[in-house]
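**Student:** My structure is in structure.tsv, and what it holds is TSV, C-alpha atoms and all ligand atoms:
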chain	number	residue	atom	x	y	z
A	1	MET	CA	0.00	0.00	0.00
A	2	SER	CA	1.23	3.48	-0.71
A	3	SER	CA	0.04	6.82	0.58
A	4	LEU	CA	0.95	10.46	0.66
A	5	ILE	CA	1.67	11.66	4.18
A	6	GLN	CA	2.08	15.22	5.34
A	7	THR	CA	3.98	15.60	8.59
A	8	GLN	CA	6.29	17.75	10.65
A	9	ALA	CA	9.81	16.42	10.89
A	10	ILE	CA	13.21	17.14	12.35
A	11	VAL	CA	16.18	16.45	10.11
A	12	LEU	CA	18.58	14.11	11.92
A	13	SER	CA	21.21	13.60	9.24
A	14	LYS	CA	21.86	13.87	5.54
A	15	ILE	CA	24.26	11.94	3.32
A	16	LYS	CA	25.07	11.89	-0.38
A	17	PHE	CA	23.53	9.10	-2.38
A	18	SER	CA	24.38	8.45	-6.03
A	19	ASP	CA	25.41	11.39	-8.21
A	20	THR	CA	22.24	13.34	-7.77
A	21	SER	CA	20.38	12.34	-4.63
A	22	LYS	CA	20.60	12.48	-0.87
A	23	ILE	CA	19.41	10.15	1.84
A	24	ILE	CA	17.94	11.98	4.80
A	25	GLN	CA	17.06	10.61	8.20
A	26	LEU	CA	13.96	12.28	9.55
A	27	TYR	CA	12.28	12.06	12.89
A	28	THR	CA	8.66	12.61	11.92
A	29	LYS	CA	5.53	13.23	13.95
A	30	GLU	CA	3.45	10.74	11.98
A	31	LEU	CA	5.86	7.88	11.22
A	32	GLY	CA	8.67	8.12	13.75
A	33	ARG	CA	12.21	7.84	12.43
A	34	ILE	CA	12.38	7.16	8.71
A	35	PRO	CA	14.96	7.37	5.93
A	36	VAL	CA	13.85	9.27	2.84
A	37	ILE	CA	15.46	9.85	-0.49
A	38	LEU	CA	15.59	13.33	-1.91
A	39	LYS	CA	15.92	12.97	-5.65
A	40	GLY	CA	17.95	15.74	-7.23
A	41	GLY	CA	18.94	16.86	-3.73
A	42	ARG	CA	22.57	17.45	-4.68
A	43	ASP	CA	21.58	20.08	-7.23
A	44	LYS	CA	22.61	23.47	-5.76
A	45	SER	CA	19.38	25.07	-6.93
A	46	SER	CA	17.22	22.47	-5.18
A	47	LYS	CA	15.18	24.23	-2.52
A	48	ALA	CA	14.48	20.99	-0.71
A	49	GLY	CA	18.22	20.28	-0.81
A	50	THR	CA	18.97	23.39	1.21
A	51	ILE	CA	16.19	23.19	3.78
A	52	THR	CA	16.86	19.58	4.67
A	53	ASP	CA	19.99	20.35	6.68
A	54	PRO	CA	20.33	18.53	10.02
A	55	LEU	CA	18.59	20.32	12.91
A	56	ASN	CA	15.97	21.99	10.73
A	57	MET	CA	12.34	21.52	11.55
A	58	ILE	CA	10.36	21.11	8.37
A	59	GLU	CA	6.92	20.28	7.06
A	60	VAL	CA	7.18	17.49	4.50
A	61	MET	CA	5.18	15.40	2.08
A	62	ILE	CA	6.29	11.80	2.01
A	63	TYR	CA	5.38	9.22	-0.60
A	64	ASN	CA	5.13	6.30	1.76
A	65	LYS	CA	5.09	2.74	0.48
A	66	GLU	CA	5.07	0.08	3.14
A	67	SER	CA	7.02	-2.40	1.04
A	68	ARG	CA	9.84	0.07	0.57
A	69	GLU	CA	12.66	0.64	3.06
A	70	VAL	CA	13.43	4.18	1.98
A	71	GLN	CA	10.59	6.57	1.26
A	72	THR	CA	10.53	9.40	-1.25
A	73	LEU	CA	10.53	12.99	-0.11
A	74	GLY	CA	8.15	15.33	-1.89
A	75	ASN	CA	7.46	18.97	-1.13
A	76	CYS	CA	9.00	20.45	1.97
A	77	GLU	CA	8.80	23.76	3.78
A	78	LEU	CA	11.03	25.16	6.49
A	79	ILE	CA	9.39	25.69	9.89
A	80	ASN	CA	12.42	26.55	12.02
A	81	HIS	CA	16.15	26.54	11.32
A	82	PHE	CA	17.13	27.35	14.93
A	83	GLY	CA	19.40	30.28	14.13
A	84	ASN	CA	20.48	30.87	17.74
A	85	ILE	CA	21.65	27.28	18.09
A	86	ARG	CA	23.70	27.49	14.90
A	87	GLU	CA	25.44	30.67	16.06
A	88	ASP	CA	26.69	29.07	19.26
A	89	TYR	CA	29.31	26.32	19.27
A	90	ASP	CA	28.24	24.56	22.50
A	91	LYS	CA	24.57	24.72	21.63
A	92	THR	CA	25.26	23.25	18.19
A	93	ILE	CA	27.37	20.39	19.55
A	94	TYR	CA	24.88	19.36	22.22
A	95	ALA	CA	21.84	19.83	19.98
A	96	LEU	CA	23.48	17.58	17.38
A	97	ALA	CA	24.20	15.08	20.15
A	98	VAL	CA	20.45	15.06	20.94
A	99	LEU	CA	19.73	14.27	17.29
A	100	GLU	CA	22.36	11.53	17.29
A	101	LEU	CA	20.74	9.92	20.34
A	102	VAL	CA	17.39	9.87	18.54
A	103	LYS	CA	19.01	8.42	15.44
A	104	GLU	CA	20.96	5.72	17.28
A	105	LEU	CA	18.43	4.68	19.90
A	106	THR	CA	15.03	4.73	18.21
A	107	HIS	CA	13.72	2.13	15.79
A	108	GLU	CA	12.54	3.03	12.32
A	109	TYR	CA	8.79	3.46	11.81
A	110	GLU	CA	8.02	3.62	15.52
A	111	GLN	CA	5.79	6.60	15.93
A	112	ASN	CA	5.88	8.28	19.35
A	113	ASP	CA	4.06	11.55	19.99
A	114	ARG	CA	5.68	12.10	23.34
A	115	LEU	CA	9.16	11.71	21.90
A	116	PHE	CA	8.39	14.01	18.99
A	117	ARG	CA	7.15	16.67	21.41
A	118	GLY	CA	10.21	16.07	23.60
A	119	VAL	CA	12.67	16.61	20.74
A	120	THR	CA	10.83	19.74	19.60
A	121	LYS	CA	10.70	21.13	23.13
A	122	ILE	CA	14.39	20.54	23.84
A	123	LEU	CA	15.45	22.20	20.57
A	124	GLU	CA	13.29	25.21	21.47
A	125	LYS	CA	15.03	25.35	24.85
A	126	PHE	CA	18.45	25.24	23.19
A	127	GLU	CA	17.27	28.02	20.91
A	128	SER	CA	16.00	30.26	23.73
A	129	GLY	CA	19.08	29.57	25.85
A	130	SER	CA	17.06	28.89	28.98
A	131	GLU	CA	19.76	26.59	30.42
A	132	HIS	CA	23.33	25.48	29.77
A	133	PRO	CA	23.43	23.25	26.63
A	134	LEU	CA	25.02	20.42	28.61
A	135	ILE	CA	22.15	20.43	31.11
A	136	LEU	CA	19.59	20.44	28.30
A	137	PHE	CA	21.41	17.52	26.69
A	138	GLY	CA	21.36	15.67	30.04
A	139	ARG	CA	17.65	16.36	30.54
A	140	PHE	CA	16.83	15.02	27.12
A	141	TYR	CA	19.06	11.96	27.54
A	142	VAL	CA	17.39	10.97	30.83
A	143	PHE	CA	13.94	11.57	29.28
A	144	LEU	CA	14.81	9.44	26.24
A	145	LEU	CA	16.03	6.58	28.45
A	146	GLU	CA	12.67	6.59	30.17
A	147	ILE	CA	10.79	6.55	26.84
A	148	LEU	CA	12.91	3.63	25.65
A	149	GLY	CA	12.04	1.65	28.78
A	150	TYR	CA	15.39	2.11	30.53
A	151	GLU	CA	14.34	4.61	33.18
A	152	LEU	CA	17.09	5.39	35.70
A	153	GLN	CA	16.20	3.92	39.09
A	154	LEU	CA	17.36	6.47	41.63
A	155	ASP	CA	15.01	6.74	44.63
A	156	HIS	CA	15.17	3.25	46.10
A	157	CYS	CA	18.06	0.85	46.59
A	158	SER	CA	17.80	-1.73	43.82
A	159	ILE	CA	18.85	-4.50	46.22
A	160	CYS	CA	17.07	-3.93	49.58
A	161	GLY	CA	14.43	-1.47	48.36
A	162	ASN	CA	15.14	1.12	51.08
A	163	LEU	CA	14.71	4.78	50.29
A	164	ILE	CA	18.04	6.40	49.40
A	165	SER	CA	19.06	9.15	51.82
A	166	THR	CA	21.58	11.89	51.19
A	167	GLY	CA	25.04	11.47	52.66
A	168	GLU	CA	25.23	7.74	51.94
A	169	SER	CA	28.13	6.33	49.97
A	170	LEU	CA	26.28	5.06	46.92
A	171	LYS	CA	26.99	2.66	44.11
A	172	PHE	CA	25.15	2.06	40.87
A	173	LYS	CA	24.46	-1.13	39.03
A	174	PHE	CA	23.78	-0.51	35.34
A	175	ASN	CA	21.24	-3.27	34.91
A	176	SER	CA	19.21	-2.42	38.00
A	177	GLY	CA	19.88	1.01	39.52
A	178	VAL	CA	21.25	2.78	42.56
A	179	ILE	CA	22.53	0.77	45.55
A	180	CYS	CA	22.38	2.10	49.13
A	181	GLY	CA	25.36	2.53	51.46
A	182	ILE	CA	24.75	-0.70	53.32
A	183	CYS	CA	24.20	-2.93	50.28
A	184	SER	CA	27.10	-1.35	48.39
A	185	THR	CA	29.62	-2.82	50.86
A	186	LYS	CA	28.47	-6.29	49.80
A	187	ASN	CA	28.11	-5.63	46.11
A	188	PHE	CA	31.16	-5.62	43.86
A	189	ASP	CA	29.42	-5.82	40.52
A	190	SER	CA	28.71	-2.08	40.45
A	191	VAL	CA	30.36	1.33	40.11
A	192	PHE	CA	30.76	4.13	42.65
A	193	ILE	CA	28.62	7.16	42.05
A	194	THR	CA	29.63	10.48	43.59
A	195	PRO	CA	27.08	12.48	45.61
A	196	GLU	CA	27.35	15.26	42.99
A	197	LEU	CA	26.57	12.93	40.10
A	198	TYR	CA	23.72	11.30	42.01
A	199	HIS	CA	22.21	14.70	42.82
A	200	LEU	CA	22.62	15.82	39.22
A	201	LEU	CA	20.90	12.71	37.82
A	202	LEU	CA	18.06	13.20	40.27
A	203	CYS	CA	17.62	16.84	39.20
A	204	LEU	CA	17.70	15.89	35.51
A	205	LYS	CA	15.11	13.20	36.04
A	206	MET	CA	12.79	15.29	38.20
A	207	GLY	CA	13.12	18.42	36.06
A	208	LYS	CA	14.56	20.33	39.00
A	209	LYS	CA	16.69	23.43	38.67
A	210	ILE	CA	20.45	22.92	38.52
A	211	GLU	CA	22.55	25.71	39.99
A	212	ASN	CA	26.13	25.58	38.89
A	213	SER	CA	27.21	23.87	35.74
A	214	ASN	CA	30.80	23.21	34.83
A	215	SER	CA	32.31	20.95	32.25
A	216	ASN	CA	34.01	18.73	34.86
A	217	TRP	CA	30.86	16.97	35.81
A	218	GLY	CA	29.71	17.23	32.23
A	219	LYS	CA	32.22	14.62	31.22
A	220	LEU	CA	31.31	12.45	34.19
A	221	LEU	CA	27.62	12.70	33.36
A	222	GLN	CA	28.18	11.88	29.70
A	223	SER	CA	30.34	8.85	30.41
A	224	PHE	CA	27.89	7.58	33.04
A	225	LEU	CA	24.89	7.85	30.69
A	226	GLU	CA	26.80	6.28	27.82
A	227	SER	CA	27.96	3.31	29.91
A	228	TYR	CA	24.43	2.90	31.20
A	229	THR	CA	23.02	2.94	27.66
A	230	LYS	CA	25.63	0.48	26.38
A	231	SER	CA	24.70	-1.97	29.11
A	232	HIS	CA	21.08	-1.91	27.87
A	233	VAL	CA	21.48	-1.49	24.12
A	234	GLU	CA	24.07	-3.84	22.72
A	235	SER	CA	24.38	-2.07	19.38
A	236	TYR	CA	25.01	1.33	20.96
A	237	LYS	CA	28.60	2.49	20.48
A	238	GLY	CA	28.46	5.92	22.09
A	239	LEU	CA	28.06	9.37	20.61
A	240	THR	CA	30.47	10.44	17.90
A	241	SER	CA	29.31	14.06	18.03
A	242	LEU	CA	30.75	14.50	21.54
A	243	ARG	CA	33.95	12.55	21.10
A	244	MET	CA	36.16	15.60	20.74
A	245	PHE	CA	35.42	16.67	24.31
A	301	ZN	ZN	20.17	-1.41	49.96
Could you show the structure in this file as structure tokens?
Ligand SMILES: [Zn+2]
**Tutor:**
Amino acid sequence: MSSLIQTQAIVLSKIKFSDTSKIIQLYTKELGRIPVILKGGRDKSSKAGTITDPLNMIEVMIYNKESREVQTLGNCELINHFGNIREDYDKTIYALAVLELVKELTHEYEQNDRLFRGVTKILEKFESGSEHPLILFGRFYVFLLEILGYELQLDHCSICGNLISTGESLKFKFNSGVICGICSTKNFDSVFITPELYHLLLCLKMGKKIENSNSNWGKLLQSFLESYTKSHVESYKGLTSLRMF
């Protein structure tokens, strides 16, 4: 069956394909993540070729055929090109990292309204500069993990079930969650988690305000979330867009 679908979409990536075309990964409102081919997209005068740059939010027509792996892109219009993000190096890097997470961790043709709204909302927050880009990236990452079914377990010890209290020396087990001070002395199959990192994760998850942000804990946060993700998603290799940090 084939149909013509009109939908909003965020451009995740774009690569050359053959002499004339491009393959674009879109995260769409109606179909989830899909690859589309833009015929003639390498022609400099192609309007669609210029508005399908990664990060852009666009309105597209898609010729969708269920038997086909790659769909054909028809008309498209620019909704938002996020000019403030593009003018700022940190914002660009972390916004692209958000897109890479969506590209690497979602399955094709899995529509998810909540995730589409989440991606849109986080890009708008990058654009308005309401918080440090690293914090926005962390907020989105923790939100995405929950959507994917890998919610971070932070409030109760994953071994004894007791409520975690501040001031404990905590550990974290990637396949289950946080471990309280008492249980952590008997558990060796887990990693230490500093009070700062624990507090930060809690704030990211609960949507609480985060006071001071510096890049020291940024690295710690990123490596924690990546290790956590790798332990749940075998195919996940980590983010290439943040590797230079
Ligand atoms: Zn415990």
**Student:** Set the distance at 8 Å and use all atoms listed in the file: which residues neighbour Pro35 in chain A once local chain neighbours fewer than 2 positions away are removed? I'd like the list as an MDAnalysis selection string.
**Tutor:** chainID A and resid 23:26 33 37 69:71
**Student:** What does the distance between CA of Ser3 in chain A and CA of Tyr63 in chain A come to in Å, to one decimal place?
**Tutor:**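 Computed distance, CA of Ser3 in chain A to CA of Tyr63 in chain A, equals 6.0 Å.
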**Student:** Please indicate the distance in Å from CA of Cys180 in chain A to CA of Tyr228 in chain A, rounded to one decimal place.
**Tutor:**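 Computed distance, CA of Cys180 in chain A to CA of Tyr228 in chain A, equals 18.1 Å.
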**Student:** For ligand ZN 301 (chain A), return the neighbouring residues as number ranges by chain (distance at most 6 Å; all atoms listed in the file).
**Tutor:** A: 157, 159-162, 179-180, 182-183
**Student:** Let me see the file: selected residues, C-alpha atoms, as an mmCIF file, keeping the file's coordinate frame.
**Tutor:**
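Output below, filename part.cif:
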data_model
loop_
_atom_site.group_PDB
_atom_site.id
_atom_site.type_symbol
_atom_site.label_atom_id
_atom_site.label_comp_id
_atom_site.auth_asym_id
_atom_site.auth_seq_id
_atom_site.Cartn_x
_atom_site.Cartn_y
_atom_site.Cartn_z
ATOM 1 C CA CYS A 157 18.060 0.850 46.590
ATOM 2 C CA ILE A 159 18.850 -4.500 46.220
ATOM 3 C CA CYS A 160 17.070 -3.930 49.580
ATOM 4 C CA GLY A 161 14.430 -1.470 48.360
ATOM 5 C CA ASN A 162 15.140 1.120 51.080
ATOM 6 C CA ILE A 179 22.530 0.770 45.550
ATOM 7 C CA CYS A 180 22.380 2.100 49.130
ATOM 8 C CA ILE A 182 24.750 -0.700 53.320
ATOM 9 C CA CYS A 183 24.200 -2.930 50.280
#
**Student:** So that I can see what lies close to range 105-116 of chain A, please list as a count of residues only the residues with an atom at most 12 Å from it, counting only C-alpha atoms and leaving out residues fewer than 3 positions away in the same chain.
**Tutor:** 57
**Student:** Calculate how many Å separate CA of Leu200 in chain A from CA of Ser128 in chain A, rounding to one decimal.
**Tutor:**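 These two atoms are separated by 22.2 Å.
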**Student:** Kindly assemble as a Markdown table a list of the range 83-150 of chain A residues that lie within 10 Å of range 217-223 of chain A, each paired with its nearest atom pair and their distance in Å to one decimal, using only C-alpha atoms, sorted first by chain and then by ascending residue number.
**Tutor:**
| residue | atom | partner | partner_atom | distance |
| --- | --- | --- | --- | --- |
| A:Leu134 | CA | A:Gly218 | CA | 6.7 |
| A:Ile135 | CA | A:Gly218 | CA | 8.3 |
| A:Phe137 | CA | A:Gln222 | CA | 9.3 |
| A:Gly138 | CA | A:Leu221 | CA | 7.7 |
| A:Tyr141 | CA | A:Gln222 | CA | 9.4 |
**Student:** Calculated over all atoms listed in the file, which of the candidates A:Arg139, A:Lys14, A:Lys22, A:His81 has the smallest distance to Lys208 in chain A?
**Tutor:**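 The answer is A:Arg139, which sits nearest to Lys208 in chain A.
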**Student:** Using only C-alpha atoms, which of the listed residues (A:Ile193, A:Val60, A:Ile164, A:Leu136) sits closest to Leu96 in chain A?
**Tutor:**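 The shortest atom-to-atom distance to Leu96 in chain A comes from A:Leu136.
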**Student:** Neighbours of Leu38 in chain A within 10 Å (only C-alpha atoms; same-chain residues fewer than 3 positions away dropped), as a PyMOL selection string?
**Tutor:** chain A and resi 14+16-17+20-24+35+41-42+46+48-49+52+71-75
**Student:** Using all atoms listed in the file, find the one residue out of A:Ser169, A:Ser130, A:Ser45, A:Ser13 that sits nearest to Pro195 in chain A.
**Tutor:**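 Checking each of A:Ser169, A:Ser130, A:Ser45, A:Ser13 against Pro195 in chain A, counting all atoms listed in the file, the winner is A:Ser169.
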**Student:** Name the residues in contact with Ser231 in chain A at a cut-off of 8 Å, using all atoms listed in the file, excluding same-chain residues fewer than 4 positions from it; report them as a compact mmCIF listing (two decimals) with C-alpha atoms, in the frame of the given file.
**Tutor:**
# COMPACT_ATOMS: atom_id res chain seq x y z
CA PHE A 174 23.78 -0.51 35.34
CA ASN A 175 21.24 -3.27 34.91
CA SER A 227 27.96 3.31 29.91
**Student:** Work out where the centre of an axis-aligned box around every listed atom of range 134-140 of chain A lies and how long its edges are once 5 Å is added on each side; give both in Å to one decimal as AutoDock Vina command-line options.
**Tutor:**
--center_x 20.9 --center_y 17.7 --center_z 28.9 --size_x 18.2 --size_y 15.4 --size_z 14.4
**Student:** May I have the protein, DNA and RNA residues with any atom at most 12 Å from the point (28.0, 23.9, 21.8), counting all atoms listed in the file, written as an MDAnalysis selection string?
**Tutor:** chainID A and resid 84:98 126:127 129 132:137 215 241:242 244:245
**Student:** Which of these, A:Met1, A:Leu225, A:Ile210, A:Ile15, has the shortest distance to Phe172 in chain A once you count only C-alpha atoms?
**Tutor:**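 For Phe172 in chain A, the nearest of the candidates is A:Leu225.
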